[in-house]
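Engineer: This is the structure I want to talk about, given as structure tokens.
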Amino acid sequence: MTDQNKDIDTHSGTETTGHSWDGIKELNTPLPRWWLIVWYATIVWAIIYMILMPAIPALPGMGTNTRGLLGESDRDNVAVAVQELRQKRADSSAILLGASLEQIETDRELQQFALAMGDSVFGDNCATCHGSGGRGAKGYPALADDVWLWDGTLDGIQYTITHGIRDPENLDTRFSMMPRFGRDGLLEAGQIDDLVEYVVNLSGREADGAAVERAAPIFAQQCATCHGEDGKGMHNLGAPNLTDADWLYGGNREDIYNTIYNARNSHMPAWDGRLDDASIKALAVYVHSLGGGE
Amino acid sequence: MVELIGPHNKTSKEGAPAPVPPQHEDLYAKRRQIYPKLAHGKFRTIKWIVMALTLGAYYIVPWIRWDRGEGIPDQAVLADFAGEKFYFFWIQIWPQEAYYIAGLLILAALLLFLVTSLFGRVWCGYTCPQTVWTDLYIWVERAFEGDRAARMRLDKAPWSFNKVWRKLGKHIVWLIIAFWTGGAFILYWHDAPTVAKGWFTGEAPLSAYWFAGILTMTTYFLAGMMREQVCTYMCPWPRIQGALTDEDALNVTYRYDRGEPRGPKRKDQDWEGRGDCIDCNQCVQVCPMGIDIRDGSQLECIHCALCIDACDEMMVRVGRPKGLIAYDTDNAVAARVEGRKPPKWHPFRIRTFLYAALMAAIGGIMLFGLMTKSTFEVNVLKDRSPPFVRLSSGDYRNGYALKLVNKDTTARTLTLKVSGIEGAKVSVIGMEEDTDGEFELPVDAYGVDRYRLLVTAPAGDARRTLIFETTDPKTGETTRDSVPFQGEK
């Protein structure tokens, strides 16, 4: 707007912007100067900040983002914070190491600490296979139920976590091996068919009576050593109970045939050395609490 | 900025010279220093008293002690962030009850609305911290540099020893006040004696120094330098109040019906044909906002009523009745202009009733909530992963996290009974199996305890409901929670 046609508001004597809404005009009142100064100050501050702090992301050709003169790094800060947290936890970890698993589980304070610690360790290390909350999956045992292949006591769980199952690098690992009856030609296909019926019958479902009768001597000869004459399994060999409703590798005829033909010998790594002793103890209490253990 | 244009202005400008176009051609205006003159009178006295009360409360409240039991802070008013509690005398607010704070803020907002629709901006004029501290700072300024005329002379004068010590002294006292303001603020967030002692031994938390520093600087700048700029440019309230005040609100008003036509009057002149306003400018000189109340109701006016005191003093001197500037309503002024009898001020209007009713309702709900607040809380959280587990026997099992909150200051033992499903078995991790289906769960004094529960039930409907009944056998307080139990059909 030029000086000639300046629109001056008659009431206030202030120039207007010339915009009118329903006859109401907006005054062109100047902003306070301090406001302008504050605005300049924020610009200066932004430039200083960009020099002192990491500010510009890695653009093509830069390789890395700018580091800033102060050397501030979130990554380093996290490392320091984790270190501090470890330090803080050291005392509680020492108490865990000094107490028995039973004491940890029955002492209110220790239990809460162990469960919180176990929960986070489980989420980071175990949930990948065992599922969150130990829900399990086909081939990966559920830890929240009441079925334990090896040993569901506190000490048993601690042992399993420490040494793993069929871990080739751990001498004390839990070990057993089911033969590959079909693949290695130990049994004929027909015999395996009969055995499938026998196992189905064991778990209380309807099965072919004649086949069950034919398979009885085979079971006694080949399977009962580990699974027991009554098929109820054996803890110290990790041999599952065949008479219950729980099937780690599936309970239909096809799955059972597969299991007998190929055998299933899955692994769990030993956590000794990967997790510290306090974490393993906390984890044992946590896993025991999931389904009540044994 | 859109200025409020009232009927006063048109009238008050009548006969006055045409407005002079502003001299500045700049986009940005330099701040015009305001030198408020000391007023004497009723409202100045009220303002001194309000200042003493509000500042007194601010500095004293954190030192009041209130015994709540062992291990619990004994500070009457305390926002304990580390302990996640808020204490206000007999009221203790836990984080999950933050809605009481929301309720308090709503009540405060409604009170502000109600007061504004009755008496205009009394909040701005008397009790707003910005007003109180600015008033205090002007008082210090006056003590060092004298009243309006002396201050203006001093600012114009060249630098001299006299000017330096007066200015230096003022700023030092300002900074001391600012420091005490910031220092007192942190007392509300920590145990006052501890943090006050720790402050000087270097043991106070870093945040205490940080916040005290920030508040020292904001007090110094806002009350010392920014003053009226805060109200005019930074505060949203002047804009909001335009919508809340109405023709029936009591505002600080220049009664132009009586004052106009204004003009200076010599002793020998008659009052005939002229208004009571002698254009002495006293109302402008005492104004801390630097405005002319005779321009009518305006955004900048904080309604501090100091112009009433200044004008009354002059009216007495020239022998006219007081109240040329007074608390009055737009309705009354309009009526007198038309020659009607001004209507009585009526505080009971639909909107004031509405505000009061809303306040009563919200206050009532909060009071009811506070009176019936239970001394413990039970939260049952069902495991989501896995939602249920099928056991080898074919039964189903669900896991639950039980959180018991004890708001009492003594430890106690709550009894938990789970019912609702025939044949369901309950176990609590780490607790002895109980034969009668009840569990005794100890809870810390003033704390939260967590338990893990497993409930096993024979196969049945996919969705069933369990009842968790928690009782304090000593007081008989009971809560019942319905919790889902999942399985497969």
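Identifiers for the structure tokens are assigned positionally: chains receive A, B, ... in sequence, residues are indexed from 1 per chain, and ligands are indexed from 1 in the order shown.
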What are the closest atom pairs, with distances in Å to one decimal, for each residue of chain A lying within 8 Å of chain B, using only C-alpha atoms, rows by chain and rising residue number, as JSON lines?

Structural biologist:
{"residue": "A:Ile8", "atom": "CA", "partner": "B:Pro21", "partner_atom": "CA", "distance": 7.4}
{"residue": "A:Thr10", "atom": "CA", "partner": "B:Pro19", "partner_atom": "CA", "distance": 7.0}
{"residue": "A:His11", "atom": "CA", "partner": "B:Pro19", "partner_atom": "CA", "distance": 7.3}
{"residue": "A:Ser12", "atom": "CA", "partner": "B:Pro19", "partner_atom": "CA", "distance": 6.9}
{"residue": "A:Gly13", "atom": "CA", "partner": "B:Pro21", "partner_atom": "CA", "distance": 5.1}
{"residue": "A:Thr14", "atom": "CA", "partner": "B:Pro22", "partner_atom": "CA", "distance": 6.4}
{"residue": "A:Glu15", "atom": "CA", "partner": "B:Pro21", "partner_atom": "CA", "distance": 7.8}
{"residue": "A:Lys25", "atom": "CA", "partner": "B:Val2", "partner_atom": "CA", "distance": 7.8}
{"residue": "A:Glu26", "atom": "CA", "partner": "B:Val2", "partner_atom": "CA", "distance": 5.8}
{"residue": "A:Leu27", "atom": "CA", "partner": "B:Met1", "partner_atom": "CA", "distance": 5.8}
{"residue": "A:Asn28", "atom": "CA", "partner": "B:Met1", "partner_atom": "CA", "distance": 7.2}
{"residue": "A:Thr29", "atom": "CA", "partner": "B:Met1", "partner_atom": "CA", "distance": 6.4}
{"residue": "A:Pro30", "atom": "CA", "partner": "B:Tyr28", "partner_atom": "CA", "distance": 4.9}
{"residue": "A:Leu31", "atom": "CA", "partner": "B:Tyr28", "partner_atom": "CA", "distance": 4.8}
{"residue": "A:Pro32", "atom": "CA", "partner": "B:Ala29", "partner_atom": "CA", "distance": 4.9}
{"residue": "A:Arg33", "atom": "CA", "partner": "B:Tyr28", "partner_atom": "CA", "distance": 5.0}
{"residue": "A:Trp34", "atom": "CA", "partner": "B:Lys30", "partner_atom": "CA", "distance": 7.6}
{"residue": "A:Leu36", "atom": "CA", "partner": "B:Tyr28", "partner_atom": "CA", "distance": 7.4}
{"residue": "A:Glu105", "atom": "CA", "partner": "B:Gly430", "partner_atom": "CA", "distance": 5.1}
{"residue": "A:Thr106", "atom": "CA", "partner": "B:Gly430", "partner_atom": "CA", "distance": 4.3}
{"residue": "A:Asp107", "atom": "CA", "partner": "B:Gly430", "partner_atom": "CA", "distance": 7.4}
{"residue": "A:Arg108", "atom": "CA", "partner": "B:Gly430", "partner_atom": "CA", "distance": 7.9}
{"residue": "A:Gln111", "atom": "CA", "partner": "B:Gly430", "partner_atom": "CA", "distance": 7.8}
{"residue": "A:Gln112", "atom": "CA", "partner": "B:Arg450", "partner_atom": "CA", "distance": 7.3}
{"residue": "A:Ser132", "atom": "CA", "partner": "B:Ser385", "partner_atom": "CA", "distance": 6.0}
{"residue": "A:Gly133", "atom": "CA", "partner": "B:Ser385", "partner_atom": "CA", "distance": 5.4}
{"residue": "A:Gly134", "atom": "CA", "partner": "B:Pro386", "partner_atom": "CA", "distance": 7.3}
{"residue": "A:Arg135", "atom": "CA", "partner": "B:Pro386", "partner_atom": "CA", "distance": 5.0}
{"residue": "A:Ala144", "atom": "CA", "partner": "B:Val389", "partner_atom": "CA", "distance": 6.7}
{"residue": "A:Asp145", "atom": "CA", "partner": "B:Leu391", "partner_atom": "CA", "distance": 5.6}
{"residue": "A:Asp146", "atom": "CA", "partner": "B:Leu391", "partner_atom": "CA", "distance": 5.8}
{"residue": "A:Val147", "atom": "CA", "partner": "B:Ser392", "partner_atom": "CA", "distance": 6.5}
{"residue": "A:Asp244", "atom": "CA", "partner": "B:Ser392", "partner_atom": "CA", "distance": 5.3}
{"residue": "A:Ala245", "atom": "CA", "partner": "B:Ser392", "partner_atom": "CA", "distance": 5.0}
{"residue": "A:Asp246", "atom": "CA", "partner": "B:Ser392", "partner_atom": "CA", "distance": 5.3}
{"residue": "A:Ser289", "atom": "CA", "partner": "B:Ile429", "partner_atom": "CA", "distance": 6.1}
{"residue": "A:Leu290", "atom": "CA", "partner": "B:Gly399", "partner_atom": "CA", "distance": 7.7}
{"residue": "A:Gly291", "atom": "CA", "partner": "B:Leu454", "partner_atom": "CA", "distance": 7.3}
{"residue": "A:Gly292", "atom": "CA", "partner": "B:Ile429", "partner_atom": "CA", "distance": 6.9}

Engineer: I'd like the neighbourhood of Gln92 in chain B as a list in words, where a residue qualifies if any of its atoms comes within 12 Å (using only C-alpha atoms), though same-chain residues fewer than 6 positions away should be ignored.

Structural biologist: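 My list of contacting residues is Trp66, Arg68, Ile72, Pro73, Asp74, Gln75, Ala76, Val77, Leu78, Ala79, Asp80, Gly83, Glu84, Lys85, Phe86, Ala98, Tyr100, Ile101, Leu370, Met371, Lys373, Thr375, Lys407, Asp408, Thr409 and Tyr446 of chain B.
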
Engineer: Please indicate the distance in Å from CA of Gly447 in chain B to CA of Pro95 in chain B, rounded to one decimal place.

Structural biologist: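 We find that CA of Gly447 in chain B and CA of Pro95 in chain B lie 12.5 Å from each other.
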
Engineer: Report as a PyMOL selection string all protein, DNA and RNA residues lying within 12 Å of Leu118 in chain B, evaluated on only C-alpha atoms, omitting residues in the same chain fewer than 2 positions from it.

Structural biologist: chain B and resi 111-116+120-123+241+244-251+327-329+345-353+355-356

Engineer: Could the residues in this selection be written to a file with C-alpha atoms, as a CSV table (one decimal), in the first residue's frame?

Structural biologist:
chain,number,residue,atom,x,y,z
B,111,LEU,CA,-14.5,-19.7,39.2
B,112,LEU,CA,-12.5,-17.4,36.9
B,113,PHE,CA,-15.5,-17.3,34.5
B,114,LEU,CA,-18.0,-16.6,37.3
B,115,VAL,CA,-15.9,-13.9,38.9
B,116,THR,CA,-15.3,-12.3,35.5
B,120,GLY,CA,-14.8,-8.1,35.4
B,121,ARG,CA,-11.1,-8.9,35.6
B,122,VAL,CA,-10.5,-8.9,39.3
B,123,TRP,CA,-8.1,-11.8,38.8
B,241,GLN,CA,-12.2,-12.2,28.9
B,244,LEU,CA,-16.8,-13.5,29.3
B,245,THR,CA,-17.6,-9.9,30.4
B,246,ASP,CA,-20.9,-8.5,29.4
B,247,GLU,CA,-23.1,-5.4,29.9
B,248,ASP,CA,-23.9,-6.5,33.4
B,249,ALA,CA,-20.4,-7.1,34.6
B,250,LEU,CA,-18.9,-4.6,37.0
B,251,ASN,CA,-15.9,-3.1,35.2
B,327,TYR,CA,-16.9,0.0,39.1
B,328,ASP,CA,-20.0,0.2,36.9
B,329,THR,CA,-21.8,-1.7,34.2
B,345,TRP,CA,-26.7,-4.3,39.3
B,346,HIS,CA,-28.0,-7.8,39.2
B,347,PRO,CA,-25.5,-10.5,40.0
B,348,PHE,CA,-28.1,-13.3,39.6
B,349,ARG,CA,-28.2,-13.9,35.8
B,350,ILE,CA,-28.6,-17.0,33.8
B,351,ARG,CA,-24.9,-17.3,33.1
B,352,THR,CA,-23.8,-16.7,36.7
B,353,PHE,CA,-26.3,-19.3,37.8
B,355,TYR,CA,-21.4,-21.2,36.3
B,356,ALA,CA,-22.3,-21.5,39.9

Engineer: Considering only strand (DSSP E or B) as DSSP defines it on the backbone, what residues of range 105-278 of chain A qualify? List them as number ranges by chain.

Structural biologist: A: 137, 140, 165, 174, 234, 239, 268, 272, 275

Engineer: When DSSP is applied to the backbone of this structure, which of range 2-96 of chain A are assigned alpha helix (DSSP H)? Write them out as a count of residues only.

Structural biologist: 43

Engineer: Extract, using only C-alpha atoms, all DNA, RNA and protein residues at most 7 Å from Ala212 in chain B, discarding same-chain residues fewer than 5 positions from it, and format them as a list of chain:residue names.

Structural biologist: B:Gly182, B:Gly183, B:Ile186

Engineer: Leaving out Tyr257 in chain A and any residue of its chain fewer than 4 positions from it, which residues lie within 10 Å of it when counting only C-alpha atoms, given as a ChimeraX atom specification?

Structural biologist: /A:182,189,192-197,199,251-253,261-263

Engineer: Neighbours of Leu52 in chain A within 6 Å (only C-alpha atoms; same-chain residues fewer than 2 positions away dropped), as a PyMOL selection string?

Structural biologist: chain A and resi 49-50+68-70

Engineer: Calculated over only C-alpha atoms, which of the candidates B:Phe185, B:Lys197, B:Asn406, B:Ala243 has the smallest distance to Thr219 in chain B?

Structural biologist: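 Result for the nearest residue to Thr219 in chain B: B:Phe185.
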
Engineer: Excluding same-chain residues fewer than 5 positions from Cys226 in chain A, what lies within 9 Å of it counting only C-alpha atoms, as a ChimeraX atom specification?

Structural biologist: /A:178,231,233-234,237-240
